[in-house]
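Report on the following structure.
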Amino acid sequence: MDFKSKLALLLKKALKKDVSALLEIPPEPALGDYSFPCFSLAKTFKKNPVQIAQELSKKIKAPFLAKVEVRGGYLNFFIAKEQRSAAVLTTVLKEKEGYGSSTEGKGKTVVIDMSSPNIAKPFGIGHLRSTIIGNALRHLLTFQGYKVVRINHLGDWGTQFGKLITAYKQWGNTVRLEKDPIHHLLDLYVKFHTEVEQHPELEEEGRSWFKRLEEQDAEALRLWKKFRDYSLANFNKIYQLLGVHFEEISGESFYNDQLDATIQLVEKAGLLKKSEGALLVDLEKFGMTSALLRKKDGATLYLTRDLAAALYRKKTYQFAKMLYEVGAEQQLHFQQLFKVLELLGHKWHRDCVHVSHGLYLGSDGKKLATRAGKIIFMEDVLQETITLARKIVEEKNPGLKEKDKVARAVGVGAILFGDLCNDRTKDVVFDIHKFTSFEGETGPYLQYTHARLCSILRKKTVTEKKIDCSLYDNLEHEILKQVGHFGDVVQDATQQYKPHILARYLLDLAQQINSFYVSHPVLQEKKELEQARLALVKVVQQVLQNGLRLLGIEALEEM
RNA sequence: GCCCCUGUAGUUUAGCUUGGAUAGAAUACGAGCUUGCGGAGCUUGUGACACAGGUUCAAAUCCUGUCGGGGGCGCCA
């Protein structure tokens, strides 16, 4: 909750008890000048707003409060800026990398199901969102003291592999598969879906191959394993670039031996229904379509495996929360999954959250569908961005060491931030220019700001314990106020599973400090002023560093 | 047909959960700032709440409807 809401709540509560009570506002580093409208209070207490404001103004006390003023129906608070700034400086300089963290998640485990690409397909831009949002959430939750288990739930099982085997049998080429597995497999997948329109019998063949796969048929398994290995090697390259790791990489196939038991559990609970040869849970009275667990040919489905996975994870990790960082188009699937868990009597269904994100759409504004061959290769996008970053590094800072490393951090930073700075629930139209832009509201802008501050701090540093905060002007006090907000922002972003709240905050802070940078020389003759400004630079640098790391972006010292 | 999400400058967007005073950025376009710590920066101008009702002293925010966009709807994942 931000300060504004806290204050409103406090005033309302206090007023409800007794209008004449003395209001003690607790110490609050983020406290800022603020206007509180008294209209709704006026109505409640049947007085006019100005009267209420005047009554309140006499009764309020707070550590950083300089004065309270009444204007119209508004109560204006003015803050003792020097005291507030001093408090912020002390805290940040003391807590450093830990500034903004908390221990609320101590002893609790959170499982995040994230990334989860489908094997035998290229790592598409769609899975990028899941990967980087999941990764940011992981950092945020860890910062709040949670133990986080990141699970890459690979899409490595299902009818699609039957189809793929069918296609490979018909049109596959061993040499091409060796040389460029991902593209070849994609071609086969697309060809299958175009051919199936002319030859519907292929559909049936695909299904039967999947059935054979589930029955551990040797040839089916051999091909499947081959496809899986090639894909994993490809995915790992991308994870390495993005700096993402997992505690568990299991995939749907991992649950194969638990599926019969899972279906039996559902049956024991009296939930299983037979319909046209298939087994399902009827969810009609909950306003959903039925949840299909076994096809008429006996093969299982996505939901069956996800159900088994949820049960397994609860048993294995005893999680306090399980987050599914998966696209919004699967909303119904997760509603069904959670409902079945509930019907099975598991109270922890409430701890399962579908942290959904909007889709990446093609330039036509429609969904990117692999089947139609409409897909963007993440590998290419990453390479292109990093190459461009490399070119710009060369141009802007030719004397820099480790240019490749920096170019990678900048390119990846641009991509990560480009996604994280907007609300995850909204759809995004893919535009390569958004990723390859390094100016304005971008990751590199933050990295650059951070690097410039580091550059000053390399020359001189904070040595004084006591900083004279009376030397600060309004802009500098404002910046320190913003610094004081950091903890609240991090908490907000974590609770709502929305990293963009933090990303936006960092942009604001960077804008403020850049504006300071051009107008306030830091290094200068007068020692007290220099120390005061160095301290300001130091705390902002620290917050930018902490913030960037929480988003999974490298805070470079030089670039 | 039914269900869910969504509509803010030319473009990308923040603000909507918890209604308050002139709706905040970025980009593009226009005008400036380099003899000071890194110009990937800074200053400044033009420009926006889809429409119609309702609730309220007060609506981008809450409710209803219309229109536009996206997604989903038992043998895909």
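To be explicit about the labels: the chains of the structure tokens are called A, B, and onward in the order shown, and within each one the residues are counted from 1, while ligands get numbers from 1 in the order they are shown.
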
*Excluding segment 425-441 of chain A and residues on its chain fewer than 2 positions from it, collect all residues at most 7 Å away from it, counting only C-alpha atoms (C1' of nucleotides), and give them as a PyMOL selection string.*
(chain A and resi 356-363+365+385+414-415+418+423+444-445+507) or (chain B and resi 26+40)

Keeping only C-alpha atoms (C1' of nucleotides), write the selected residues as a PDB file, in the first residue's frame.
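Saved file part_8.pdb follows:
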ATOM      1  CA  SER A 356      -1.139 -14.917 -16.599  1.00  0.00           C
ATOM      2  CA  HIS A 357       0.382 -12.656 -19.171  1.00  0.00           C
ATOM      3  CA  GLY A 358      -0.944 -11.224 -22.390  1.00  0.00           C
ATOM      4  CA  LEU A 359       0.050 -12.700 -25.697  1.00  0.00           C
ATOM      5  CA  TYR A 360       2.650 -11.678 -28.150  1.00  0.00           C
ATOM      6  CA  LEU A 361       0.817 -10.934 -31.355  1.00  0.00           C
ATOM      7  CA  GLY A 362       2.185 -10.815 -34.866  1.00  0.00           C
ATOM      8  CA  SER A 363       2.313  -7.586 -36.833  1.00  0.00           C
ATOM      9  CA  GLY A 365      -2.447  -8.231 -34.498  1.00  0.00           C
ATOM     10  CA  THR A 385      19.966  -7.175 -30.459  1.00  0.00           C
ATOM     11  CA  ALA A 414      16.970  -4.011 -23.454  1.00  0.00           C
ATOM     12  CA  ILE A 415      14.953  -7.144 -24.104  1.00  0.00           C
ATOM     13  CA  GLY A 418      11.227  -3.970 -22.800  1.00  0.00           C
ATOM     14  CA  ASP A 423       1.739  -4.553 -17.269  1.00  0.00           C
ATOM     15  CA  PRO A 444      20.109   0.512 -21.295  1.00  0.00           C
ATOM     16  CA  TYR A 445      18.893   3.934 -20.145  1.00  0.00           C
ATOM     17  CA  LEU A 507      12.582   4.919 -14.620  1.00  0.00           C
TER      18      LEU A 507
ATOM     19  C1'   A B  26       8.643   7.494 -23.880  1.00  0.00           C
ATOM     20  C1'   A B  40      22.896   5.907 -24.490  1.00  0.00           C
TER      21        A B  40
END

*Residue list for chain B near chain A as a PyMOL selection string, 10 Å, only C-alpha atoms (C1' of nucleotides)*: chain B and resi 3-6+12-14+17-18+20-21+25-27+33+36-38+40-43+57-58+69-77

*Residues at most 12 Å from C67 of chain B, counting only C-alpha atoms (C1' of nucleotides), excluding those fewer than 3 positions away in the same chain, as a VMD selection string?*
chain B and resid 7 50 to 52

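Picture a line from atom CA of Val266 of chain A to atom CA of Lys315 of chain A; it runs 17.0 Å.
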
_Picked from segment 250-318 of chain A by DSSP as strand (DSSP E or B), as a PyMOL selection string_ = chain A and resi 272-275+278-281+291-294+300

Print the selection's residues with N, CA and C atoms to a file, as a CSV table (one decimal), in the first residue's frame.
chain,number,residue,atom,x,y,z
A,272,LEU,N,-15.3,-38.9,-11.5
A,272,LEU,CA,-15.0,-39.3,-12.8
A,272,LEU,C,-16.3,-39.7,-13.6
A,273,LYS,N,-16.4,-39.2,-14.8
A,273,LYS,CA,-17.6,-39.5,-15.6
A,273,LYS,C,-17.1,-40.1,-17.0
A,274,LYS,N,-17.9,-41.0,-17.5
A,274,LYS,CA,-17.5,-41.5,-18.8
A,274,LYS,C,-18.4,-40.9,-19.9
A,275,SER,N,-17.8,-40.4,-21.0
A,275,SER,CA,-18.6,-39.8,-22.0
A,275,SER,C,-18.0,-40.0,-23.3
A,278,ALA,N,-14.5,-41.4,-23.4
A,278,ALA,CA,-13.5,-40.6,-22.7
A,278,ALA,C,-13.9,-40.5,-21.2
A,279,LEU,N,-12.8,-40.2,-20.4
A,279,LEU,CA,-13.1,-40.0,-19.0
A,279,LEU,C,-12.9,-38.5,-18.7
A,280,LEU,N,-13.8,-38.0,-17.9
A,280,LEU,CA,-13.8,-36.5,-17.6
A,280,LEU,C,-14.4,-36.2,-16.3
A,281,VAL,N,-14.1,-35.0,-15.8
A,281,VAL,CA,-14.8,-34.4,-14.7
A,281,VAL,C,-15.8,-33.4,-15.2
A,291,ALA,N,-13.6,-31.2,-17.8
A,291,ALA,CA,-12.2,-31.4,-17.8
A,291,ALA,C,-11.8,-32.8,-18.2
A,292,LEU,N,-11.3,-32.9,-19.4
A,292,LEU,CA,-11.0,-34.2,-20.0
A,292,LEU,C,-9.7,-34.8,-19.4
A,293,LEU,N,-9.8,-36.0,-18.9
A,293,LEU,CA,-8.6,-36.6,-18.3
A,293,LEU,C,-8.0,-37.8,-19.1
A,294,ARG,N,-8.9,-38.5,-19.8
A,294,ARG,CA,-8.4,-39.6,-20.7
A,294,ARG,C,-9.2,-39.7,-21.9
A,300,THR,N,-3.6,-39.9,-22.4
A,300,THR,CA,-3.9,-38.8,-21.4
A,300,THR,C,-3.7,-37.5,-22.1

*Best match for closeness to Val355 of chain A among A:Leu323, A:Val68, A:Leu265, A:Ile513, counting only C-alpha atoms*: A:Leu323

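Between atom CA of Val326 of chain A and atom CA of His354 of chain A the separation is 7.0 Å.
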
*Those in segment 74-318 of chain A with alpha helix (DSSP H) from DSSP, as a ChimeraX atom specification*: /A:81-95,125-143,159-171,174-179,181-198,201-214,218-242,259-268,302-317

Expected file contents, prior selection, C-alpha atoms, as a tab-separated table (two decimals), in the first residue's frame:
chain	number	residue	atom	x	y	z
A	81	LYS	CA	12.48	17.42	4.39
A	82	GLU	CA	15.86	17.56	6.04
A	83	GLN	CA	14.88	15.08	8.71
A	84	ARG	CA	13.32	12.78	6.19
A	85	SER	CA	16.32	12.93	3.88
A	86	ALA	CA	18.71	12.21	6.72
A	87	ALA	CA	16.69	9.16	7.72
A	88	VAL	CA	16.74	7.82	4.16
A	89	LEU	CA	20.48	8.33	3.75
A	90	THR	CA	21.28	6.55	6.98
A	91	THR	CA	19.12	3.56	6.15
A	92	VAL	CA	20.41	3.01	2.63
A	93	LEU	CA	24.06	3.48	3.53
A	94	LYS	CA	23.66	0.96	6.28
A	95	GLU	CA	21.62	-1.71	4.50
A	125	ILE	CA	8.86	-15.14	-28.20
A	126	GLY	CA	5.76	-16.33	-26.38
A	127	HIS	CA	7.83	-18.31	-23.92
A	128	LEU	CA	10.11	-15.37	-23.49
A	129	ARG	CA	7.50	-13.54	-21.45
A	130	SER	CA	6.98	-16.45	-19.14
A	131	THR	CA	10.73	-16.82	-18.72
A	132	ILE	CA	11.58	-13.24	-17.90
A	133	ILE	CA	8.54	-12.41	-15.82
A	134	GLY	CA	9.00	-15.64	-13.91
A	135	ASN	CA	12.64	-14.83	-13.42
A	136	ALA	CA	11.87	-11.34	-12.11
A	137	LEU	CA	9.28	-12.77	-9.72
A	138	ARG	CA	11.85	-15.23	-8.51
A	139	HIS	CA	14.24	-12.42	-7.63
A	140	LEU	CA	11.51	-10.38	-5.98
A	141	LEU	CA	10.27	-13.28	-3.88
A	142	THR	CA	13.78	-14.26	-2.85
A	143	PHE	CA	14.38	-10.66	-1.80
A	159	THR	CA	-0.28	-35.91	-29.20
A	160	GLN	CA	1.94	-33.44	-31.00
A	161	PHE	CA	4.84	-35.87	-30.71
A	162	GLY	CA	2.79	-38.56	-32.37
A	163	LYS	CA	2.18	-36.12	-35.16
A	164	LEU	CA	5.83	-35.23	-35.31
A	165	ILE	CA	6.91	-38.84	-35.48
A	166	THR	CA	4.40	-39.40	-38.27
A	167	ALA	CA	5.79	-36.43	-40.13
A	168	TYR	CA	9.37	-37.50	-39.54
A	169	LYS	CA	8.63	-41.00	-40.82
A	170	GLN	CA	7.12	-39.55	-43.98
A	171	TRP	CA	9.31	-36.58	-44.83
A	174	THR	CA	18.52	-37.55	-40.97
A	175	VAL	CA	21.15	-35.24	-42.39
A	176	ARG	CA	19.02	-32.13	-42.05
A	177	LEU	CA	18.03	-33.16	-38.57
A	178	GLU	CA	21.67	-33.38	-37.54
A	179	LYS	CA	22.58	-30.10	-39.13
A	181	PRO	CA	17.38	-29.83	-35.79
A	182	ILE	CA	15.12	-27.02	-34.70
A	183	HIS	CA	14.32	-25.72	-38.15
A	184	HIS	CA	13.87	-29.18	-39.55
A	185	LEU	CA	11.49	-30.19	-36.80
A	186	LEU	CA	9.52	-27.00	-37.22
A	187	ASP	CA	9.25	-27.61	-40.97
A	188	LEU	CA	7.95	-31.11	-40.29
A	189	TYR	CA	5.42	-29.84	-37.78
A	190	VAL	CA	4.13	-27.22	-40.19
A	191	LYS	CA	4.06	-29.65	-43.09
A	192	PHE	CA	2.01	-32.07	-41.04
A	193	HIS	CA	-0.62	-29.44	-40.40
A	194	THR	CA	-0.88	-28.40	-44.05
A	195	GLU	CA	-0.94	-32.00	-45.29
A	196	VAL	CA	-3.55	-33.08	-42.79
A	197	GLU	CA	-6.11	-30.97	-44.56
A	198	GLN	CA	-5.70	-33.06	-47.71
A	201	GLU	CA	-5.95	-40.04	-42.06
A	202	LEU	CA	-2.64	-38.50	-40.90
A	203	GLU	CA	-4.43	-37.19	-37.83
A	204	GLU	CA	-5.32	-40.74	-36.87
A	205	GLU	CA	-1.78	-41.93	-37.50
A	206	GLY	CA	-0.39	-39.16	-35.30
A	207	ARG	CA	-2.67	-40.19	-32.49
A	208	SER	CA	-1.68	-43.81	-32.76
A	209	TRP	CA	2.00	-42.91	-32.65
A	210	PHE	CA	1.41	-40.98	-29.46
A	211	LYS	CA	-0.46	-43.96	-28.08
A	212	ARG	CA	2.60	-46.10	-28.89
A	213	LEU	CA	4.76	-43.55	-27.16
A	214	GLU	CA	2.67	-43.78	-24.02
A	218	ALA	CA	10.95	-48.60	-28.43
A	219	GLU	CA	11.06	-46.82	-31.77
A	220	ALA	CA	8.69	-44.07	-30.70
A	221	LEU	CA	10.72	-43.49	-27.56
A	222	ARG	CA	13.99	-43.37	-29.47
A	223	LEU	CA	12.75	-40.67	-31.82
A	224	TRP	CA	11.09	-38.72	-29.04
A	225	LYS	CA	14.28	-38.72	-27.00
A	226	LYS	CA	16.28	-37.54	-29.96
A	227	PHE	CA	13.92	-34.62	-30.56
A	228	ARG	CA	13.98	-33.75	-26.87
A	229	ASP	CA	17.76	-33.69	-26.59
A	230	TYR	CA	18.18	-31.48	-29.62
A	231	SER	CA	15.62	-29.04	-28.27
A	232	LEU	CA	17.08	-28.86	-24.81
A	233	ALA	CA	20.49	-28.02	-26.17
A	234	ASN	CA	18.92	-25.18	-28.09
A	235	PHE	CA	16.94	-23.88	-25.10
A	236	ASN	CA	20.00	-23.92	-22.88
A	237	LYS	CA	21.81	-21.52	-25.16
A	238	ILE	CA	19.00	-19.03	-24.67
A	239	TYR	CA	18.74	-19.50	-20.92
A	240	GLN	CA	22.44	-18.92	-20.65
A	241	LEU	CA	22.18	-15.64	-22.54
A	242	LEU	CA	19.25	-14.48	-20.45
A	259	LEU	CA	-1.09	-40.66	-14.35
A	260	ASP	CA	-3.01	-43.88	-13.64
A	261	ALA	CA	-2.84	-43.22	-9.92
A	262	THR	CA	-3.99	-39.65	-10.47
A	263	ILE	CA	-7.02	-40.74	-12.45
A	264	GLN	CA	-7.80	-43.31	-9.77
A	265	LEU	CA	-7.77	-40.57	-7.15
A	266	VAL	CA	-10.32	-38.65	-9.13
A	267	GLU	CA	-12.41	-41.78	-9.50
A	268	LYS	CA	-12.27	-42.53	-5.78
A	302	TYR	CA	-2.30	-31.92	-20.73
A	303	LEU	CA	-4.68	-31.50	-17.82
A	304	THR	CA	-4.06	-35.03	-16.58
A	305	ARG	CA	-0.34	-34.35	-16.45
A	306	ASP	CA	-0.76	-30.93	-14.86
A	307	LEU	CA	-2.97	-32.44	-12.19
A	308	ALA	CA	-0.37	-35.09	-11.43
A	309	ALA	CA	2.29	-32.38	-11.40
A	310	ALA	CA	0.40	-30.23	-8.90
A	311	LEU	CA	-0.06	-33.17	-6.51
A	312	TYR	CA	3.57	-34.16	-6.87
A	313	ARG	CA	4.84	-30.65	-6.24
A	314	LYS	CA	2.74	-30.18	-3.14
A	315	LYS	CA	4.11	-33.42	-1.76
A	316	THR	CA	7.69	-32.65	-2.72
A	317	TYR	CA	7.99	-28.97	-1.82

*Identify, on the basis of only C-alpha atoms (C1' of nucleotides), every residue whose closest approach to Ser250 of chain A does not exceed 7 Å; exclude the query and any residue fewer than 5 positions from it along the same chain; express the result as JSON, numbers by chain.*
{"A": [152, 153, 154]}
